[in-house]
Every structure is written in C-alpha cells, then in structure tokens.
Amino acid sequence: MLRGFSLEIAAGDTLALVGRSGAGKSTILKLINRLLVPDSGEVIVESRPTPAWDRFELRRRAGYVMQEVGLFPHLTIGENIATVPRLLGWDDARVDRRVTELLELVGLDPKDYAGRRPDQLSGGQRQRVGVARALAADPPILLMDEPFGALDPVTRAEIHREFRRIQEHVRKTVVLVTHDMAEAFALATHVGVLADGVLAVVGEPASVARSNDARVRPLLEPLIEATAVLGPRP
Amino acid sequence: MSLFQFWRTHTNEFFTLLGQHVLLVCASTLVAIAVGVPVGVLAARRPRIGAPIVWLANVVQTIPSLAMFGFLLPLPFIGGLGARVAIFVLILYALLPIVRTTTAGLRSIDRVLIEAGTAMGMTPGQLMRRVELPLALPSIVAGIRVAAVIGVGTATIAAAVGAGGLGEYIFRGLSMVDSTVILAGAIPSALLALTIDGALTLVERGLKDFRGAHRRRLRAAAALMILLVAATAGVLAVSARRSNGVIRIGSKNFTEQIILGEIVAQTIESRTGLRVERRLNLGGTFICDRAVRSGDIDAYVEYTGTAQTAIFHQPVDTDSRRVFEAVKARYAAGGLTLLDPLGFENTFAMLIRGDDASRLGVRNLSQAAAFAPSWRAGFGYEFLERQDGYPGLARTYGLHFARPPTAMDLSLIYRALAERQVDLIAGDATSGLIDAYGFTMLEDDRHYFPPYDAAVVARSSVLLARPEVKNALAGLSGHISVADMRRMNRAVDADHRDAADVAREFLRRDR
C-alpha cells in the first residue's frame, strides 16, 4: 500500500495529507494509532515505536475524527464527548467540567446541547461534536480522516475558521487527511501529497503550491480555475 | 358449569397454577437470557463456533415439546417429573430466539461506530459493554419477547410431566371432555402471553429513552437481573431436593386413572397418616413407568396386559393369571412390586354408536368386519402402535376401513364418535361415556385382547420401608368392580364431578 515512505511530523504542527481516493492517506492515520502495524519499517510516536505502546493507551493519546463522525446514537452529546475521559476513569465532576468546556470551545451552548441526541443535530454540529470528542482527554495528537468532507462549502468554510481558532488554543500535533487542496492550504502548516502509496511532495503550503510535480498539479487545478474566475485579489 | 363458576369454586387452585405457570416462564426465560446472550455474542464474534450453535438451537426448536419431555425424562439430574425438567425444556426453546436476535443485533451495528470506539482506545470488552450491547439491546429485547411468549405456550405442555401450570386445566379438561375446564386454563394462558408481550413491548419502547441513561442505573439493572437468576436457581435447587416422608402417587392422563390415583392417595392418607403428593395426569404409560422407576413417583395403577405388551414388550397372552404372574416377576426384577389386582379389568372396548348397532344388528367384532369397509375408525396413539393394538386386531378379524384409521387424543375420541366424525373407536371398557352416549361395545368374540387387570405398581423399597403403606394398598385389592369403575367414570365424565370427591365417596361406601 505505502512504499518507500519517510515522514516526520513535529509536535504542534498541522500536517495535511492530500491525495486522490485510494492513495493511502487513511492508512497513514491507522499506522499512527496502531489500528495497523507496518509490514516493514517503523512508526515512531513520541519517540516510541507503535508496537512498543499499549495500543489502548496509544489510541487514547491520539484523538480521532472521521468523516462519518461516528457519534454513538445511544448516548447524548455530553456522553459522547465524555467517552475517552470515562475510559481513563475520570470522576464525574471532572468529566462534566470538561464536557462544558469543550462544547463552549466548539461553539455549542452546553446547556442546550449536552443532553441532546446525535440525531437532533445538523451535519455541521455533529462534526463539531466529533472534534470535541476527539479533544476530550486533551490528547497531544489529533488524527482527522476527511473530517469535513461531508459538509456543504459554506459550513465547511465556517468550521475551518473554527478549527484555526481552536488550534490557536490547544496547539495539538494534527495529521489531517483530505482530498481537497484548498482545505489543506486553509488549515495546515505543512502539506504532503500522496500518489499511489508514495509521498510525492511535502513542505510548507507555499512551496507545495508552486510545485511542478505531475502528481501534484492535478490537485491544484481546481484552485487555479477558481482563482481564474475570481481574478487576482485586490 | 360456567367458566366463572369454575374459577370461583377453584380460586385457590387457579392462582397456584397461574403462579406456577408464571414461575416456569420467568425462570426459564431468565436462564435463557443469561445463557443465550453470551452465546449470541460468541456467535457474532466467532461465526465458526457460532454457526453450529445456532444450527443446534434450530434443531432443538423443531422437536415437538411433548417429545422433548419424553427424551429428557429418563436423564439424571435434569430429568424426572416436575418443574426441573419443564424449566429445562422451556430454556431450550427460549434459547434460539434470544441467540438469534443477539447475533443479528450485534451484526447490524454500523461498522463506523465500531471503528470509532476502537480508534478511541476501547478494549474489546469496553466496546462490547459501552457500544455493541447497548446498540443491540432493542433487538435482544425483541428476542426475549418472542421467547417469553413461546414459553407461555410451551409451559402448558409441562403439565404432562407434573410441573403444574395452567396446562393442568387444559389436560384435565381434555380427559374429562369438558370444554369449560379446557377454557379455564387456555384463556388465562393466552391472556398471560398477551400481557407478557405487552409488558416487554413497553420495556422495548422505554429502552429508547433509557439507552443513554446513567451507567449506574444500567449497572443496577444488571445486578437486579443477576439477583433474579440467582433467586430462581435457589428456588429450583430447593424444589429439586426430594422431601422425605412423602408418598408420591402418579396416574396417567385419563379420567379413570385420575380417580384411581385419588383412591390410592386417599387410602394412604387415611390409613397411614403420611403426607401424599399427587402427580396425577401424567402423559401416558411411558411417562408413568419412567417416573416410578426413577423414584419420581412411588406408585401408580397399571393394567397387566399393558405392562406385558407395552412396557415389557412380551407377546400377547390371553390367560389373566399367567399374565399377572409374568408381569409381577418382571416388575420385581426392576425393584417394583405389583400388588394384587384391584378387581376390575379395563380392556379396550371397540365401540360403535348404539343406533348403528341396532340398525345393522352388529354385536361382535366378527360381524363388524363386514361393515368396516364403509366405516371410518378413530384410535388413540397408543392403540395404533401397541403390540396388543390395532395391527393385530385388524389381522385377527380381517378389518379394513374406508380410510386408514385416524389418530386422535383419547379425550376427544368419544365425542368424535358421537358427532359422527368416525364410526368405530377403541375406548375403555370402563368408560362412563359409553353409557352416557349410548354406545355399543362390540364383543371380542375371538379373544384377541389380553387381560387388563388393574393393579397398583409400587416401588419395593418404599413398601419395605413403610409396611403400613403396603397394608393400606393391599386393602384395596379386589374391592373395585367394573360397575364401580364405570359409575365413577361416569360421575366425572358425564356429570362433571370432581375426581377427588368421587373417590372419597367410593372409599366411604367401601368401608
């Protein structure tokens, strides 16, 4: 799946992995939280190879956000957010405080939303709860698998702003998977482009945008077309 | 007697039976949940182990319940008469729906949720408790509902092995040919099924709101459940322990047997002062024989010819003294004592309607053979199979009927003849319904049937340990005539009197 691959992510960076479907983006996320183990080579998280980690402990230190969100329908929003703190055995008061804090952080009124069911929320609201749930136990790492892919463009733009604001506060090491270069530029400090299991380019957004690599250009095309229609910014 | 009158005069008994019925269903369903849910989880997790289990549960479900009781009766520990074997059978039937719905509920969970839970660092156990089981719960409860409703129905059959419950009334009503008594058991059991179904539907609906409830409440519910199962197990363990100093009397499931069971029971009660437990109305010769051999009952009344052919599988013999001695010897070898005959014989009676008999001038079986090709016959299950039953009879007299004989329950057979659904039946010579319906008994002019002298079979060990029981029972020998028996049968079958009262009256007069 992934070949000849070497990638380093500094603490506090937001790395966006961009590529077409099937390029192996999600596989990287699953290698980081040991949902998968590499056939050869090593994945080192916080200076420890993943097989050396207790896999449950490792996963609790890496918040996970997915496109389908995956909120548990039998639990309230508050209980969903409390999942990992509960696994870690936090007491009720601490859990309640944390849930309130996180709902405020993602811009949902705790009094109104904590007791609701996932099916009473819009897609955008559910996605925010998904982010809050991933952040609940204050993990140093955040893994996001096409987190905003299912949202309409306006909501997405809104949530992008939200994400940047949150990241200002929490400074996590984020690995974000997307097929949308615009999203990568909007959110990431570093962008990597994946094609057929190979890392084609990795660097700061500005350098990736200037790349002439044949595997990168097609991903930039939609942006260039949009810019052409809109014209250069004043 | 009207239905309400019946309930009014049997209030205490009714509530005891209803209680037994509810206990049977609850106990078996709870155990089935405790076993079925983990098995369902296993089946969902490991299809290779799970598939054969589900297959086995499927096979079990196809075994008719009465046959299942027959299989299990002779087994140690779970077998025997009473609630234990009944609950075991009910558990087996309740397992399939619960296992199935647990597996289906778990399999239908969105993969995304499993992935989310795993990625958040849940261990497989946490995933099961916090995500999979809560999400499968509505499906599981639906399965429990089905299991409980099936249980209410199947529990009525449990009366055949002496487990009590509302089936008592159904079997009693069938053997008395009294639809009021049948309804007295059937209606409440149907209502019970509806009630349980309704209550669990509410639980199912309530779960939708309860699902997110606090873990402590869930834990309390789980604890309550375990407590209930433990309590049930306790009750069973206590009830399984055989009480000493009690004599248990059994009987087969037709009127005469129930009256005889009462006569034997009341005789022991009044002459020895020992406590007697009645396990009357057991489902047939096979079950009674198993029960007396295993010690589930201490005595019942058997017929010599039946013992000779149906129990010991010996060729038919027509000499009554020889048959008695042969059977007594065989019983003795099995630790049982056949006491001297009670004084009457209950042979098979080939019966036709009185008007047919006078119109055609038929008095015996040889004459009947000429008309048989235009008749339909109805026989009990035993009669169709027994060595001294239909096949030999047909050979002896050259009987051929319009159609192969219909197999019918003994309790329905007289009515079927009276209502012209059949034209010839095999009944009991002592049946009170023969006179009541004006049937004619065809003479066995070629002496096909062996003698059927009624006599008490008892466990030798009990008679040795308690000679007073032996003396009391010996006092019955030669005291019941065919006329007595017919009169008593008629009092119960045609006049709908209580078998215990009829027995009491007889004993009072006899003394």
# chains A, B, ... in the order shown; residues from 1 in each chain; ligands from 1
$ select_by_dssp --residues "region 56-197 of chain B" --states "helix (DSSP H, G or I)" --output "ChimeraX atom specification"
/B:56-62,65-72,83-107,111-119,124-161,167-176,179-197
$ residues_around --residues "Thr155 (chain A)" --least-positions-apart "4" --cutoff "8 Å" --atoms "only C-alpha atoms" --output "JSON, numbers by chain"
{"A": [124, 151, 159]}
$ residues_around --residues "Ala114 (chain A)" --least-positions-apart "3" --cutoff "7 Å" --atoms "only C-alpha atoms" --output "mmCIF file with N, CA and C atoms, in the first residue's frame"
data_model
loop_
_atom_site.group_PDB
_atom_site.id
_atom_site.type_symbol
_atom_site.label_atom_id
_atom_site.label_comp_id
_atom_site.auth_asym_id
_atom_site.auth_seq_id
_atom_site.Cartn_x
_atom_site.Cartn_y
_atom_site.Cartn_z
ATOM 1 N N THR A 76 -26.021 10.590 24.721
ATOM 2 C CA THR A 76 -26.236 12.017 24.474
ATOM 3 C C THR A 76 -24.932 12.625 23.974
ATOM 4 N N ILE A 77 -25.040 13.887 23.525
ATOM 5 C CA ILE A 77 -23.849 14.599 23.058
ATOM 6 C C ILE A 77 -22.813 14.646 24.179
ATOM 7 N N GLY A 78 -23.272 14.991 25.382
ATOM 8 C CA GLY A 78 -22.357 15.081 26.523
ATOM 9 C C GLY A 78 -21.659 13.751 26.767
ATOM 10 N N PRO A 110 -23.560 24.564 25.969
ATOM 11 C CA PRO A 110 -23.604 23.312 26.739
ATOM 12 C C PRO A 110 -24.982 23.037 27.327
ATOM 13 N N LYS A 111 -25.657 24.079 27.821
ATOM 14 C CA LYS A 111 -26.960 23.859 28.460
ATOM 15 C C LYS A 111 -27.959 23.272 27.464
#
$ residues_around --residues "Glu382 (chain B)" --least-positions-apart "6" --cutoff "12 Å" --atoms "only C-alpha atoms" --output "ChimeraX atom specification"
/B:283-286,306,309-311,348,388-391,407-410,426-427
$ residues_around --residues "region 121-131 of chain B" --least-positions-apart "2" --cutoff "6 Å" --atoms "only C-alpha atoms" --output "JSON, numbers by chain"
{"A": [56, 59, 60], "B": [117, 118, 119, 133, 134]}
$ write_last_selection --atoms "C-alpha atoms" --output "mmCIF file, in the first residue's frame"
data_model
loop_
_atom_site.group_PDB
_atom_site.id
_atom_site.type_symbol
_atom_site.label_atom_id
_atom_site.label_comp_id
_atom_site.auth_asym_id
_atom_site.auth_seq_id
_atom_site.Cartn_x
_atom_site.Cartn_y
_atom_site.Cartn_z
ATOM 1 C CA PHE A 56 -5.302 1.224 24.001
ATOM 2 C CA ARG A 59 -5.234 5.427 20.966
ATOM 3 C CA ARG A 60 -6.419 7.374 23.986
ATOM 4 C CA GLY B 117 -14.860 3.058 19.508
ATOM 5 C CA THR B 118 -11.720 1.144 18.611
ATOM 6 C CA ALA B 119 -9.895 4.271 17.474
ATOM 7 C CA LEU B 133 -24.568 -4.425 23.647
ATOM 8 C CA PRO B 134 -26.440 -1.135 24.222
#
$ residues_around --residues "Ile44 (chain A)" --least-positions-apart "2" --cutoff "12 Å" --atoms "only C-alpha atoms" --output "VMD selection string"
chain A and resid 6 to 10 31 to 34 37 to 38 41 to 42 46 to 53 58
$ write_last_selection --atoms "C-alpha atoms" --output "CSV table (one decimal), in the first residue's frame"
chain,number,residue,atom,x,y,z
A,6,SER,CA,9.6,8.5,5.3
A,7,LEU,CA,7.8,11.4,7.1
A,8,GLU,CA,8.4,13.3,10.2
A,9,ILE,CA,5.8,15.5,12.0
A,10,ALA,CA,7.0,18.0,14.5
A,31,LEU,CA,-0.5,3.3,11.3
A,32,ILE,CA,-0.1,6.2,13.8
A,33,ASN,CA,-2.7,4.9,16.3
A,34,ARG,CA,-1.8,1.3,15.6
A,37,VAL,CA,1.1,-2.2,12.0
A,38,PRO,CA,3.6,-1.8,9.1
A,41,GLY,CA,9.7,-0.2,8.7
A,42,GLU,CA,8.7,1.6,11.9
A,46,GLU,CA,6.6,10.3,20.9
A,47,SER,CA,9.9,8.5,20.4
A,48,ARG,CA,8.5,5.1,20.9
A,49,PRO,CA,7.7,2.6,18.0
A,50,THR,CA,4.0,1.8,17.9
A,51,PRO,CA,4.3,-1.9,18.7
A,52,ALA,CA,6.1,-0.9,22.0
A,53,TRP,CA,3.0,1.1,23.0
A,58,LEU,CA,-1.8,5.0,22.5
$ interface_residues --of "chain A" --to "chain B" --cutoff "10 Å" --atoms "only C-alpha atoms" --output "NGL selection string"
:A and (30 or 33-35 or 54-77 or 79-80 or 83-84 or 87-88 or 115 or 117 or 133-134 or 143)
